[in-house]
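Shown next, in structure tokens, is the structure this report addresses.
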Amino acid sequence: MTSRDFDSGQNQPNFDLDTVPNFRVVIPSTSRIVLVLDVSGSMRTNNRITKMGQIVQSFIEDKVSSSAQVGIVQFGYVATTLSLLLSMNNQTNKDNLVGVIPAFTSGSTAIGRGILSGIDVLENGGNSAAGGTIIILTDGNENVSPYVADIHSNVTGKDVTLHTIFFAQATGNADLVNLTTSTGGSSYIGDDFNILSAFGAFDALARTEDGNLFDEVFEISSVSFTGTFHNDTVLMDSTIGNNTVFIFAWIGGSVSPVIRIVDPSGCESVSTASSSGCSQPVDFQTGSTTTRALVTGIAKPGAWRYDITSSVEDTFTILVSSKASNVDDPPYMVETSTGSVDITSLSPQAIYARVTKESQPVLGADVTAIIEIPASPARKFEKILLDNGAGADVKASDGVYSGFFTTFTNQGRYSLQVKVTNGNFTRVASDARSLAAKQTSRLAYFPSALPDGTVVALPVTDSTDETEVANFTRIVTSPSFTYSGTVISLGVDSFPPNQITDLSATQLDVFDPNSGIVLSFTAPGDELDVGTAFRYEIQYAFSPDTLDPSFGASSNLINFSLVPTPTPAGTLEVININIPIPSNDRGTFRIALGMRATDEAGKTGDISNQVVVTYFSRAVELINSPTPSTEPPVTAIPDNGGLNITIVIVVSIISGAFVFAVVIAALVYLRSLKARRLPDERPAGKGYDNPDFDDRAYCVIPRPSVISTSRMSAYAEHIYDDVCVTDGRV
């Protein structure tokens with residue numbers, strides 16, 4: 001057999017190509033991290049130098065991997081190495097590093113010099129800098145050479161990864177951002193007045209990449225408040241509990257607050273008491289502006305309560321973290337990402353959070369994105385992320401929760417944290433094949449009709465093996481993203497409603513040609529997936545090719561007055577519509593439908609996914625099930641022809657003609673018994689001729705499939721065993 005692909009000598013085999021594979025064995029190396037810290041004069045503003053010390057101490061004491069090595073460099077007008085690389089596998093080295101954390105400021109901002117000194121630390125002792133990590137924390141623009149642009153090629157040639165935390169710097173330092181991106185690093189933003197995002201940035205950068213989940217820190221609570229008293233509850237799930245630490249940080253430093261922690265059994269530990277008498281006591285370590293409360297052993301699962309009381313008003317930051325504790329029960333994991341890190345024009349930002357356990361998706365969780373809008377102080381915006389296959393979410397029930405952010409009221413850097421907690425029906429889907437089958441249907445619900453005609457939404461069920469989960473919380477900080485496009489005002493329609501991507505349609509009642517079509521979909525918003533749309537436009541056609549994406553004048557549209565008012569974004573919509581149905585001989589039609597949403601400003605979303613429904617314009621007929629026979633069963637003896645015949649022959653002295661007549665009578669009688677075969681003896685799934693219809697009519701499929709196909713579960717009690725249609729097709 002020949003192919004046009006090889007005509008005229010084209011695409012001939014390359015016999016000179018070396019197909020021997022080359023293997024490269026990659027062994028994880030020790031993580032080497034150099035902290036390059038800004039101590040320029042501007043770090044005195046709003047006590048930034050103190051806040052930086054609290055954050056860095058937490059990183060060294062509780063967050064960085066015990067297998068890592070850490071060094072410290074400070075820079076102002078000059079760069080100074082405060083510590084070479086020290087292993088984090090012992091408390092002595094940690095104490096030495098904490099002891100050299102900068103506490104004073106002076107001079108200018110020589111970011112370039114700081115980076116070069118960080119590389120020198122990585123190369124100390126003749127080592128290569130390759131594979132090393134540099135974390136820069138700065139609050140200002142550089143003003144001392146060599147500048148970042150001058151050392152760009154030198155740094156990228158060293159094969160190091162550079163991460164940057166911009167402390168209270170919403171704009172500027174474009175060259176540093178460019179260098180960070182070029183080395184494969186990430187940028188973060190920390191606010192002056194709420195340093196949770198800066199703490200979270202160091203948490204994110206402490207995450208290991210060697211697959212060892214038991215050396216990874218999970219943040220389960222983060223709170224910031226100004227006042228004299230605060231209390232809260234922290235949920236400790238059974239997958240964590242090792243190296244659990246409560247961090248309490250404040251600014252004033254004149255008087256230490258009193259801290260009380262109560263474990264799930266009710267036993268309390270107090271920071272001012274010498275001992276608690278608890279079976280699992282808490283070790284309080286109080287400094288000038290920080291108290292670290294370490295839970296001994298593996299923290300008990302359940303609700304841990306704490307309160308903090310101060311004699312003077314202050315701004316407090318409280319964080320709780322823990323590590324995995326059970327090799328047989330891996331922890332819940334959260335990974336975050338965004339559609340873009342640099343948005344230069346007015347366009348939505350997609351936010352994603354993947355929630356898993358042992359790589360299996362966690363479904364039904366409550367996921368919230370917390371975005372800090374650049375301002376002074378920063379303003380928070382919360383966005384609920386959904387795993388429903390609508391809006392920004394590409395596929396339902398895959399453990400990836402998504403949403404659009406559109407509130408670009410300022411230019412600059414936007415911080416992002418994602419908080420995940422268990423919902424009312426949170427579960428782990430552990431059967432990937434069943435889950436994949438479920439994902440072919442984008443709806444979590446389907447419409448059904450009650451006997452009184454009310455349309456209700458029933459949950460789609462499948463064979464997915466799902467395990468319910470206990471209470472858990474995870475907080476993850478994502479790299480910041482920058483917006484430099486047109487600033488918008490709150491309350492102004494800047495975006496259209498999002499595209500409907502999960503439209504589904506079915507005839508409401510196949511037994512009633514006038515019942516109409518039920519449309520099911522996830523409601524879009526006014527601003528993409530935020531708010532409530534103004535109205536829906538629904539278009540239909542008797543051929544999919546004739547649907548008009550522009551909804552032009554020639555389109556077949558459902559009258560607006562017959563379409564319900566939209567509900568808030570993210571809710572399930574179930575709409576019953578009626579379409580003029582022409583007549584034909586077959587009694588069925590294929591109807592294509594599409595729709596879109598419009599906001600009050602007249603902005604329209606894109607046309608939805610198109611659906612096609614087979615509509616029965618003549619009622620589907622039912623065959624009444626035969627009345628079961630009350631006669632006793634007949635014992636059958638098979639003959640060579642497969643026909644069950646019971647013959648009782650009474651042998652007597654009779655004539656040959658009489659014997660022949662008896663045999664014929666027995667055969668006729670047994671054939672009549674075969675015709676009265678009981679219903680439950682029928683082979684499953686086969687069709688039977690229906691004498692009430694012509695030759696084209698036949699019964700289709702048994703009841704369970706009919707219910708599934710038509711999604712008319714509410715009629716389950718009223719459907720007989722077999723259904724016949726007159727068009728010769730299912």
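Simple scheme: letters A, B, ... for chains in structure tokens order, numbers from 1 for residues in each chain, numbers from 1 for ligands in the order shown.
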
Problem set entry | Which of region 100-187 of chain A fall in helix (DSSP H, G or I), as a PyMOL selection string | chain A and resi 111-126+148-156+174-182

Next, the residues of the selection above should be written as an mmCIF file, in the first residue's frame with C-alpha atoms.
data_model
loop_
_atom_site.group_PDB
_atom_site.id
_atom_site.type_symbol
_atom_site.label_atom_id
_atom_site.label_comp_id
_atom_site.auth_asym_id
_atom_site.auth_seq_id
_atom_site.Cartn_x
_atom_site.Cartn_y
_atom_site.Cartn_z
ATOM 1 C CA ILE A 111 20.577 45.838 45.290
ATOM 2 C CA GLY A 112 23.157 44.814 42.672
ATOM 3 C CA ARG A 113 25.898 44.571 45.275
ATOM 4 C CA GLY A 114 23.656 42.493 47.512
ATOM 5 C CA ILE A 115 22.953 39.973 44.732
ATOM 6 C CA LEU A 116 26.643 39.618 43.861
ATOM 7 C CA SER A 117 27.501 39.041 47.521
ATOM 8 C CA GLY A 118 24.805 36.366 47.669
ATOM 9 C CA ILE A 119 26.483 34.577 44.755
ATOM 10 C CA ASP A 120 29.825 34.843 46.575
ATOM 11 C CA VAL A 121 28.308 33.018 49.555
ATOM 12 C CA LEU A 122 27.076 30.216 47.279
ATOM 13 C CA GLU A 123 30.543 29.932 45.697
ATOM 14 C CA ASN A 124 32.434 30.047 48.991
ATOM 15 C CA GLY A 125 34.971 27.255 49.386
ATOM 16 C CA GLY A 126 35.237 26.672 45.646
ATOM 17 C CA VAL A 148 20.642 45.155 38.497
ATOM 18 C CA ALA A 149 20.601 45.681 34.727
ATOM 19 C CA ASP A 150 24.413 45.758 34.738
ATOM 20 C CA ILE A 151 24.727 42.331 36.384
ATOM 21 C CA HIS A 152 21.836 40.637 34.537
ATOM 22 C CA SER A 153 23.902 38.444 32.227
ATOM 23 C CA ASN A 154 26.385 37.612 34.998
ATOM 24 C CA VAL A 155 23.634 36.363 37.306
ATOM 25 C CA THR A 156 21.724 34.388 34.672
ATOM 26 C CA ALA A 174 11.343 46.687 36.708
ATOM 27 C CA ASP A 175 14.936 45.474 36.177
ATOM 28 C CA LEU A 176 14.783 43.371 39.342
ATOM 29 C CA VAL A 177 11.474 41.861 38.244
ATOM 30 C CA ASN A 178 12.999 41.049 34.857
ATOM 31 C CA LEU A 179 16.037 39.388 36.439
ATOM 32 C CA THR A 180 13.830 37.399 38.817
ATOM 33 C CA THR A 181 11.733 36.110 35.936
ATOM 34 C CA SER A 182 14.808 35.318 33.812
#

For region 495-503 of chain A, list every protein, DNA or RNA residue within 10 Å, evaluated using only C-alpha atoms, and leave out those in the same chain fewer than 5 positions away; present the list as a compact mmCIF listing (two decimals) with all heavy atoms, in the first residue's frame.
# COMPACT_ATOMS: atom_id res chain seq x y z
N LEU A 346 -6.62 45.96 30.13
CA LEU A 346 -7.79 45.56 30.91
C LEU A 346 -8.27 44.19 30.45
O LEU A 346 -8.90 44.04 29.40
CB LEU A 346 -8.90 46.60 30.75
CG LEU A 346 -10.14 46.39 31.64
CD1 LEU A 346 -9.75 46.38 33.10
CD2 LEU A 346 -11.18 47.46 31.36
N SER A 347 -7.96 43.19 31.22
CA SER A 347 -8.38 41.83 30.94
C SER A 347 -8.47 41.08 32.26
O SER A 347 -7.76 41.42 33.22
CB SER A 347 -7.40 41.12 29.99
OG SER A 347 -6.10 41.11 30.54
N PRO A 348 -9.32 40.09 32.36
CA PRO A 348 -9.50 39.40 33.64
C PRO A 348 -8.29 38.55 34.01
O PRO A 348 -7.58 38.05 33.16
CB PRO A 348 -10.73 38.54 33.39
CG PRO A 348 -10.75 38.30 31.91
CD PRO A 348 -10.21 39.56 31.31
N ASN A 388 -16.78 23.97 39.20
CA ASN A 388 -18.08 23.62 38.62
C ASN A 388 -18.08 23.58 37.09
O ASN A 388 -19.13 23.42 36.48
CB ASN A 388 -19.15 24.62 39.09
CG ASN A 388 -18.83 26.06 38.68
OD1 ASN A 388 -17.77 26.33 38.12
ND2 ASN A 388 -19.73 26.98 38.98
N GLY A 389 -16.91 23.74 36.46
CA GLY A 389 -16.86 23.68 35.01
C GLY A 389 -17.44 24.89 34.32
O GLY A 389 -17.73 24.83 33.13
N ALA A 390 -17.61 26.00 35.03
CA ALA A 390 -18.19 27.22 34.44
C ALA A 390 -17.24 28.39 34.66
O ALA A 390 -16.39 28.36 35.56
CB ALA A 390 -19.55 27.52 35.06
N GLY A 391 -17.41 29.43 33.85
CA GLY A 391 -16.57 30.61 33.99
C GLY A 391 -15.12 30.29 33.73
O GLY A 391 -14.75 29.73 32.70
N ALA A 392 -14.26 30.62 34.69
CA ALA A 392 -12.83 30.35 34.55
C ALA A 392 -12.50 28.88 34.71
O ALA A 392 -11.41 28.45 34.34
CB ALA A 392 -12.05 31.17 35.57
N ASP A 393 -13.42 28.10 35.27
CA ASP A 393 -13.15 26.69 35.54
C ASP A 393 -13.36 25.87 34.28
O ASP A 393 -14.46 25.85 33.71
CB ASP A 393 -14.07 26.18 36.66
CG ASP A 393 -13.56 24.88 37.26
OD1 ASP A 393 -12.40 24.86 37.70
OD2 ASP A 393 -14.33 23.91 37.28
N VAL A 394 -12.33 25.19 33.84
CA VAL A 394 -12.37 24.47 32.57
C VAL A 394 -13.14 23.16 32.70
O VAL A 394 -13.92 22.79 31.82
CB VAL A 394 -10.94 24.20 32.05
CG1 VAL A 394 -10.97 23.37 30.78
CG2 VAL A 394 -10.21 25.51 31.82
N LYS A 395 -12.95 22.44 33.78
CA LYS A 395 -13.56 21.12 33.93
C LYS A 395 -14.09 20.96 35.34
O LYS A 395 -13.41 21.28 36.31
CB LYS A 395 -12.53 20.02 33.62
CG LYS A 395 -13.09 18.61 33.68
CD LYS A 395 -12.01 17.59 33.33
CE LYS A 395 -11.60 17.69 31.87
NZ LYS A 395 -10.64 16.62 31.50
N ALA A 396 -15.31 20.46 35.44
CA ALA A 396 -15.93 20.28 36.75
C ALA A 396 -15.37 19.05 37.45
O ALA A 396 -14.96 18.08 36.82
CB ALA A 396 -17.45 20.15 36.60
N PHE A 404 -12.49 34.35 38.17
CA PHE A 404 -11.93 35.55 37.53
C PHE A 404 -11.85 36.69 38.55
O PHE A 404 -12.79 36.92 39.31
CB PHE A 404 -12.80 36.00 36.36
CG PHE A 404 -12.68 35.15 35.13
CD1 PHE A 404 -13.80 34.54 34.59
CD2 PHE A 404 -11.46 34.97 34.51
CE1 PHE A 404 -13.71 33.77 33.45
CE2 PHE A 404 -11.36 34.19 33.37
CZ PHE A 404 -12.48 33.59 32.83
N THR A 406 -11.40 40.84 38.57
CA THR A 406 -11.52 41.96 37.62
C THR A 406 -11.43 43.32 38.29
O THR A 406 -11.51 44.34 37.60
CB THR A 406 -12.86 41.87 36.86
OG1 THR A 406 -13.94 41.94 37.81
CG2 THR A 406 -12.97 40.58 36.08
N SER A 441 -19.81 14.79 31.73
CA SER A 441 -20.99 15.61 31.96
C SER A 441 -20.57 16.79 32.81
O SER A 441 -20.08 16.62 33.91
CB SER A 441 -22.09 14.82 32.67
OG SER A 441 -23.17 15.66 33.01
N ARG A 442 -20.76 18.00 32.33
CA ARG A 442 -20.25 19.17 33.01
C ARG A 442 -21.18 19.64 34.12
O ARG A 442 -20.86 20.55 34.85
CB ARG A 442 -20.01 20.29 32.01
CG ARG A 442 -19.03 19.92 30.92
CD ARG A 442 -18.93 21.03 29.91
NE ARG A 442 -18.31 22.19 30.49
CZ ARG A 442 -17.00 22.44 30.45
NH1 ARG A 442 -16.20 21.57 29.89
NH2 ARG A 442 -16.50 23.54 30.96
N LEU A 443 -22.39 19.06 34.19
CA LEU A 443 -23.33 19.50 35.20
C LEU A 443 -23.22 18.67 36.47
O LEU A 443 -23.03 17.46 36.41
CB LEU A 443 -24.76 19.41 34.68
CG LEU A 443 -25.22 20.54 33.77
CD1 LEU A 443 -26.65 20.28 33.34
CD2 LEU A 443 -25.14 21.89 34.47
N ALA A 444 -23.31 19.32 37.61
CA ALA A 444 -23.38 18.61 38.87
C ALA A 444 -24.81 18.18 39.18
O ALA A 444 -25.04 17.36 40.05
CB ALA A 444 -22.86 19.50 40.00
N LEU A 519 -33.53 23.59 30.04
CA LEU A 519 -32.13 23.98 29.92
C LEU A 519 -31.51 24.05 31.32
O LEU A 519 -32.12 24.60 32.24
CB LEU A 519 -32.00 25.34 29.23
CG LEU A 519 -32.61 25.49 27.84
CD1 LEU A 519 -32.39 26.90 27.32
CD2 LEU A 519 -32.01 24.47 26.88
N SER A 520 -30.33 23.51 31.44
CA SER A 520 -29.61 23.55 32.71
C SER A 520 -28.21 24.09 32.46
O SER A 520 -27.55 23.71 31.50
CB SER A 520 -29.51 22.16 33.33
OG SER A 520 -30.79 21.59 33.49
N PHE A 521 -27.75 24.98 33.35
CA PHE A 521 -26.43 25.58 33.18
C PHE A 521 -26.07 26.33 34.46
O PHE A 521 -26.93 26.58 35.32
CB PHE A 521 -26.38 26.52 31.98
CG PHE A 521 -27.41 27.63 32.03
CD1 PHE A 521 -27.11 28.88 32.56
CD2 PHE A 521 -28.70 27.41 31.56
CE1 PHE A 521 -28.06 29.88 32.61
CE2 PHE A 521 -29.66 28.41 31.60
CZ PHE A 521 -29.35 29.65 32.13
N THR A 522 -24.81 26.70 34.58
CA THR A 522 -24.36 27.51 35.70
C THR A 522 -24.51 28.98 35.34
O THR A 522 -24.04 29.41 34.29
CB THR A 522 -22.89 27.21 36.05
OG1 THR A 522 -22.76 25.81 36.33
CG2 THR A 522 -22.44 28.00 37.26
N ALA A 523 -25.15 29.74 36.21
CA ALA A 523 -25.43 31.14 35.92
C ALA A 523 -24.14 31.94 35.79
O ALA A 523 -23.25 31.85 36.64
CB ALA A 523 -26.30 31.74 37.02
N PRO A 524 -24.00 32.73 34.72
CA PRO A 524 -22.87 33.65 34.61
C PRO A 524 -23.11 34.89 35.48
O PRO A 524 -24.18 35.02 36.10
CB PRO A 524 -22.86 34.01 33.12
CG PRO A 524 -24.30 33.91 32.72
CD PRO A 524 -24.90 32.80 33.55
N GLY A 525 -22.15 35.78 35.52
CA GLY A 525 -22.30 36.98 36.33
C GLY A 525 -22.54 38.22 35.49
O GLY A 525 -22.73 38.15 34.27
N ASP A 526 -22.51 39.35 36.15
CA ASP A 526 -22.60 40.64 35.46
C ASP A 526 -21.24 41.05 34.93
O ASP A 526 -21.11 41.50 33.80
CB ASP A 526 -23.14 41.69 36.44
CG ASP A 526 -23.20 43.08 35.83
OD1 ASP A 526 -24.09 43.31 34.99
OD2 ASP A 526 -22.34 43.92 36.17
N GLU A 527 -20.22 40.87 35.77
CA GLU A 527 -18.83 41.09 35.37
C GLU A 527 -18.16 39.71 35.33
O GLU A 527 -17.70 39.21 36.35
CB GLU A 527 -18.11 41.99 36.38
CG GLU A 527 -18.62 43.40 36.45
CD GLU A 527 -18.01 44.26 35.36
OE1 GLU A 527 -16.82 44.60 35.46
OE2 GLU A 527 -18.72 44.58 34.40
N LEU A 528 -18.20 39.09 34.16
CA LEU A 528 -17.73 37.72 34.01
C LEU A 528 -18.47 36.82 35.00
O LEU A 528 -19.66 36.62 34.86
CB LEU A 528 -16.21 37.65 34.18
CG LEU A 528 -15.42 38.39 33.08
CD1 LEU A 528 -13.94 38.42 33.41
CD2 LEU A 528 -15.64 37.76 31.72
N ASP A 529 -17.78 36.28 36.03
CA ASP A 529 -18.45 35.38 36.97
C ASP A 529 -18.73 36.05 38.31
O ASP A 529 -18.83 35.40 39.34
CB ASP A 529 -17.64 34.10 37.17
CG ASP A 529 -16.24 34.38 37.72
OD1 ASP A 529 -15.88 35.56 37.88
OD2 ASP A 529 -15.51 33.41 38.00
N VAL A 530 -18.86 37.38 38.31
CA VAL A 530 -19.17 38.14 39.51
C VAL A 530 -20.50 38.86 39.33
O VAL A 530 -20.75 39.47 38.28
CB VAL A 530 -18.06 39.17 39.82
CG1 VAL A 530 -18.41 40.01 41.05
CG2 VAL A 530 -16.72 38.47 40.03
N GLY A 531 -21.36 38.82 40.35
CA GLY A 531 -22.63 39.54 40.28
C GLY A 531 -23.72 38.73 39.60
O GLY A 531 -23.68 37.50 39.53
N THR A 532 -24.71 39.44 39.07
CA THR A 532 -25.87 38.82 38.44
C THR A 532 -26.11 39.45 37.07
O THR A 532 -26.17 40.68 36.95
CB THR A 532 -27.13 39.01 39.31
OG1 THR A 532 -26.88 38.50 40.62
CG2 THR A 532 -28.32 38.28 38.71
N ALA A 533 -26.25 38.63 36.05
CA ALA A 533 -26.50 39.12 34.69
C ALA A 533 -27.87 39.79 34.61
O ALA A 533 -28.73 39.61 35.48
CB ALA A 533 -26.38 37.98 33.69
N PHE A 534 -28.08 40.55 33.55
CA PHE A 534 -29.34 41.27 33.38
C PHE A 534 -30.41 40.40 32.73
O PHE A 534 -31.56 40.35 33.17
CB PHE A 534 -29.09 42.53 32.54
CG PHE A 534 -30.33 43.32 32.23
CD1 PHE A 534 -31.09 43.88 33.24
CD2 PHE A 534 -30.74 43.50 30.92
CE1 PHE A 534 -32.23 44.61 32.96
CE2 PHE A 534 -31.88 44.22 30.62
CZ PHE A 534 -32.63 44.78 31.64
N ALA A 569 -24.34 34.72 39.97
CA ALA A 569 -23.31 33.90 39.32
C ALA A 569 -22.95 32.69 40.17
O ALA A 569 -22.87 32.76 41.40
CB ALA A 569 -22.06 34.74 39.07
N GLU A 573 -28.93 27.10 37.16
CA GLU A 573 -30.13 27.58 36.51
C GLU A 573 -30.85 26.40 35.86
O GLU A 573 -30.22 25.57 35.18
CB GLU A 573 -29.78 28.60 35.42
CG GLU A 573 -29.26 29.93 35.94
CD GLU A 573 -30.38 30.91 36.26
OE1 GLU A 573 -31.44 30.46 36.71
OE2 GLU A 573 -30.17 32.12 36.06
N LEU A 593 -29.55 24.29 20.27
CA LEU A 593 -29.77 25.46 21.11
C LEU A 593 -28.45 26.07 21.54
O LEU A 593 -27.45 25.38 21.73
CB LEU A 593 -30.59 25.10 22.36
CG LEU A 593 -31.98 24.54 22.11
CD1 LEU A 593 -32.02 23.07 22.51
CD2 LEU A 593 -33.03 25.32 22.87
N GLY A 594 -28.46 27.38 21.70
CA GLY A 594 -27.33 28.13 22.24
C GLY A 594 -27.87 29.35 22.95
O GLY A 594 -28.99 29.79 22.70
N MET A 595 -27.08 29.91 23.86
CA MET A 595 -27.55 31.07 24.60
C MET A 595 -26.38 31.94 25.02
O MET A 595 -25.21 31.55 24.94
CB MET A 595 -28.36 30.63 25.83
CG MET A 595 -27.58 29.87 26.87
SD MET A 595 -28.61 29.34 28.27
CE MET A 595 -29.20 30.91 28.89
N ARG A 596 -26.70 33.12 25.49
CA ARG A 596 -25.70 34.03 26.03
C ARG A 596 -26.37 34.94 27.05
O ARG A 596 -27.60 35.03 27.09
CB ARG A 596 -25.04 34.86 24.93
CG ARG A 596 -25.99 35.84 24.24
CD ARG A 596 -25.29 36.59 23.12
NE ARG A 596 -26.17 37.59 22.49
CZ ARG A 596 -25.82 38.36 21.48
NH1 ARG A 596 -24.60 38.24 20.94
NH2 ARG A 596 -26.66 39.25 20.98
N ALA A 597 -25.56 35.60 27.87
CA ALA A 597 -26.08 36.52 28.88
C ALA A 597 -25.68 37.94 28.54
O ALA A 597 -24.67 38.19 27.87
CB ALA A 597 -25.55 36.14 30.26
N THR A 598 -26.48 38.89 29.00
CA THR A 598 -26.25 40.32 28.76
C THR A 598 -26.30 41.05 30.09
O THR A 598 -27.08 40.69 30.98
CB THR A 598 -27.33 40.88 27.82
OG1 THR A 598 -27.33 40.14 26.61
CG2 THR A 598 -27.07 42.35 27.51
N ASP A 599 -25.45 42.07 30.25
CA ASP A 599 -25.51 42.87 31.47
C ASP A 599 -26.31 44.15 31.22
O ASP A 599 -26.76 44.42 30.11
CB ASP A 599 -24.11 43.17 32.02
CG ASP A 599 -23.26 44.02 31.09
OD1 ASP A 599 -23.83 44.71 30.20
OD2 ASP A 599 -22.03 44.01 31.24
N GLU A 600 -26.47 44.96 32.27
CA GLU A 600 -27.30 46.16 32.17
C GLU A 600 -26.71 47.21 31.24
O GLU A 600 -27.42 48.07 30.72
CB GLU A 600 -27.51 46.75 33.56
CG GLU A 600 -28.38 45.88 34.46
CD GLU A 600 -28.59 46.50 35.83
OE1 GLU A 600 -27.76 47.35 36.21
OE2 GLU A 600 -29.56 46.14 36.50
N ALA A 601 -25.39 47.15 31.03
CA ALA A 601 -24.75 48.10 30.12
C ALA A 601 -24.83 47.66 28.67
O ALA A 601 -24.32 48.35 27.78
CB ALA A 601 -23.28 48.28 30.53
N GLY A 602 -25.46 46.52 28.41
CA GLY A 602 -25.59 46.02 27.05
C GLY A 602 -24.45 45.16 26.59
O GLY A 602 -24.43 44.73 25.43
N LYS A 603 -23.48 44.87 27.46
CA LYS A 603 -22.37 43.99 27.08
C LYS A 603 -22.87 42.55 27.08
O LYS A 603 -23.54 42.11 28.02
CB LYS A 603 -21.19 44.14 28.03
CG LYS A 603 -20.51 45.51 27.96
CD LYS A 603 -19.30 45.54 28.89
CE LYS A 603 -18.52 46.83 28.71
NZ LYS A 603 -19.31 48.02 29.10
N THR A 604 -22.54 41.82 26.04
CA THR A 604 -23.02 40.45 25.89
C THR A 604 -21.86 39.47 25.95
O THR A 604 -20.78 39.73 25.43
CB THR A 604 -23.77 40.25 24.56
OG1 THR A 604 -22.90 40.61 23.48
CG2 THR A 604 -25.02 41.12 24.51
N GLY A 605 -22.09 38.34 26.60
CA GLY A 605 -21.10 37.28 26.65
C GLY A 605 -21.08 36.50 25.35
O GLY A 605 -21.97 36.63 24.49
N ASP A 606 -20.08 35.67 25.18
CA ASP A 606 -19.99 34.82 24.00
C ASP A 606 -21.10 33.77 24.04
O ASP A 606 -21.61 33.42 25.10
CB ASP A 606 -18.63 34.13 23.93
CG ASP A 606 -17.50 35.11 23.69
OD1 ASP A 606 -17.77 36.18 23.12
OD2 ASP A 606 -16.35 34.82 24.11
N ILE A 607 -21.44 33.26 22.86
CA ILE A 607 -22.45 32.21 22.79
C ILE A 607 -21.96 30.98 23.53
O ILE A 607 -20.78 30.66 23.53
CB ILE A 607 -22.80 31.88 21.32
CG1 ILE A 607 -23.99 30.89 21.27
CG2 ILE A 607 -21.61 31.32 20.58
CD1 ILE A 607 -24.51 30.67 19.86
N SER A 608 -22.88 30.31 24.17
CA SER A 608 -22.56 29.14 24.98
C SER A 608 -22.12 27.97 24.12
O SER A 608 -22.16 28.03 22.88
CB SER A 608 -23.79 28.73 25.80
OG SER A 608 -24.79 28.24 24.91
N ASN A 609 -21.74 26.90 24.76
CA ASN A 609 -21.59 25.63 24.05
C ASN A 609 -22.94 25.25 23.44
O ASN A 609 -24.00 25.49 24.04
CB ASN A 609 -21.11 24.53 24.99
CG ASN A 609 -22.08 24.28 26.14
OD1 ASN A 609 -22.34 25.17 26.94
ND2 ASN A 609 -22.60 23.06 26.24
N GLN A 610 -22.93 24.73 22.24
CA GLN A 610 -24.18 24.37 21.57
C GLN A 610 -24.59 22.95 21.94
O GLN A 610 -23.76 22.06 22.05
CB GLN A 610 -24.01 24.49 20.05
CG GLN A 610 -23.68 25.90 19.59
CD GLN A 610 -23.51 26.00 18.09
OE1 GLN A 610 -23.99 25.15 17.36
NE2 GLN A 610 -22.83 27.04 17.64
N VAL A 611 -25.89 22.77 22.15
CA VAL A 611 -26.41 21.45 22.50
C VAL A 611 -27.49 21.07 21.50
O VAL A 611 -28.15 21.93 20.91
CB VAL A 611 -26.98 21.43 23.93
CG1 VAL A 611 -25.88 21.64 24.95
CG2 VAL A 611 -28.06 22.48 24.11

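Separating CA of Asp283 (chain A) from CA of Ala198 (chain A) is a distance of 25.3 Å.
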
For this session: Run DSSP on the backbone of this structure and report the residues of region 523-566 of chain A it assigns to strand (DSSP E), as a PyMOL selection string.
Result: chain A and resi 535-541+556-557

For this session: Point out the residue among A:Leu85, A:Val245, A:Ile33, A:Val70 with the least atom-to-atom distance to His163 (chain A), counting only C-alpha atoms.
Result: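 Under the stated criterion, the closest residue is A:Ile33.
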
Exercise. Can you tell me how far CA of Met52 (chain A) sits from CA of Gly172 (chain A), in Å to one decimal?
Worked result: 20.0 Å

Exercise. So which one's closest to Thr105 (chain A), A:Asn127, A:Ser376, A:Thr233, A:Gln74? Using only C-alpha atoms, please.
Worked result: A:Gln74

Problem set entry | Selection near Phe214 (chain A), 6 Å with only C-alpha atoms, sequence-local residues under 2 positions removed, as an MDAnalysis selection string | chainID A and resid 212 216 324

Problem set entry | Residue contacts of Lys63 (chain A) (8 Å, only C-alpha atoms) excluding same-chain residues fewer than 6 positions away, as an MDAnalysis selection string | chainID A and resid 202:203 206 216:217

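Going from CA of Phe560 (chain A) over to CA of Ile577 (chain A), you cover 11.0 Å.
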
Exercise. Which residue, A:Val320, A:Ala303, A:Ala68, A:Val26, has the smallest gap to Thr208 (chain A) when you use only C-alpha atoms?
Worked result: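 Ranking A:Val320, A:Ala303, A:Ala68, A:Val26 by distance to Thr208 (chain A), first place goes to A:Ala68.
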
Exercise. Which one is closest to Thr290 (chain A): A:Ser478, A:Gln57, A:Thr109, A:Ser269? Count only C-alpha atoms.
Worked result: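 Distance minimum relative to Thr290 (chain A) lands on A:Gln57.
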
Exercise. Looking at only C-alpha atoms, which of A:Phe75, A:Asp62, A:Thr171, A:Val510 is the one that sits closest to Gln91 (chain A)?
Worked result: A:Asp62

What's around region 541-549 of chain A at 7 Å? Count only C-alpha atoms, leave out sequence neighbours fewer than 6 positions away in its own chain, and write the answer as a compact mmCIF listing (two decimals) with C-alpha atoms, in the first residue's frame.
# COMPACT_ATOMS: atom_id res chain seq x y z
CA SER A 555 -32.12 34.06 14.46
CA ASN A 556 -34.90 32.08 16.08
CA ARG A 590 -33.27 17.41 16.40
CA ILE A 591 -33.16 20.88 17.91
CA ALA A 592 -29.92 22.85 18.36
CA LEU A 593 -29.77 25.46 21.11
CA ILE A 607 -22.45 32.21 22.79
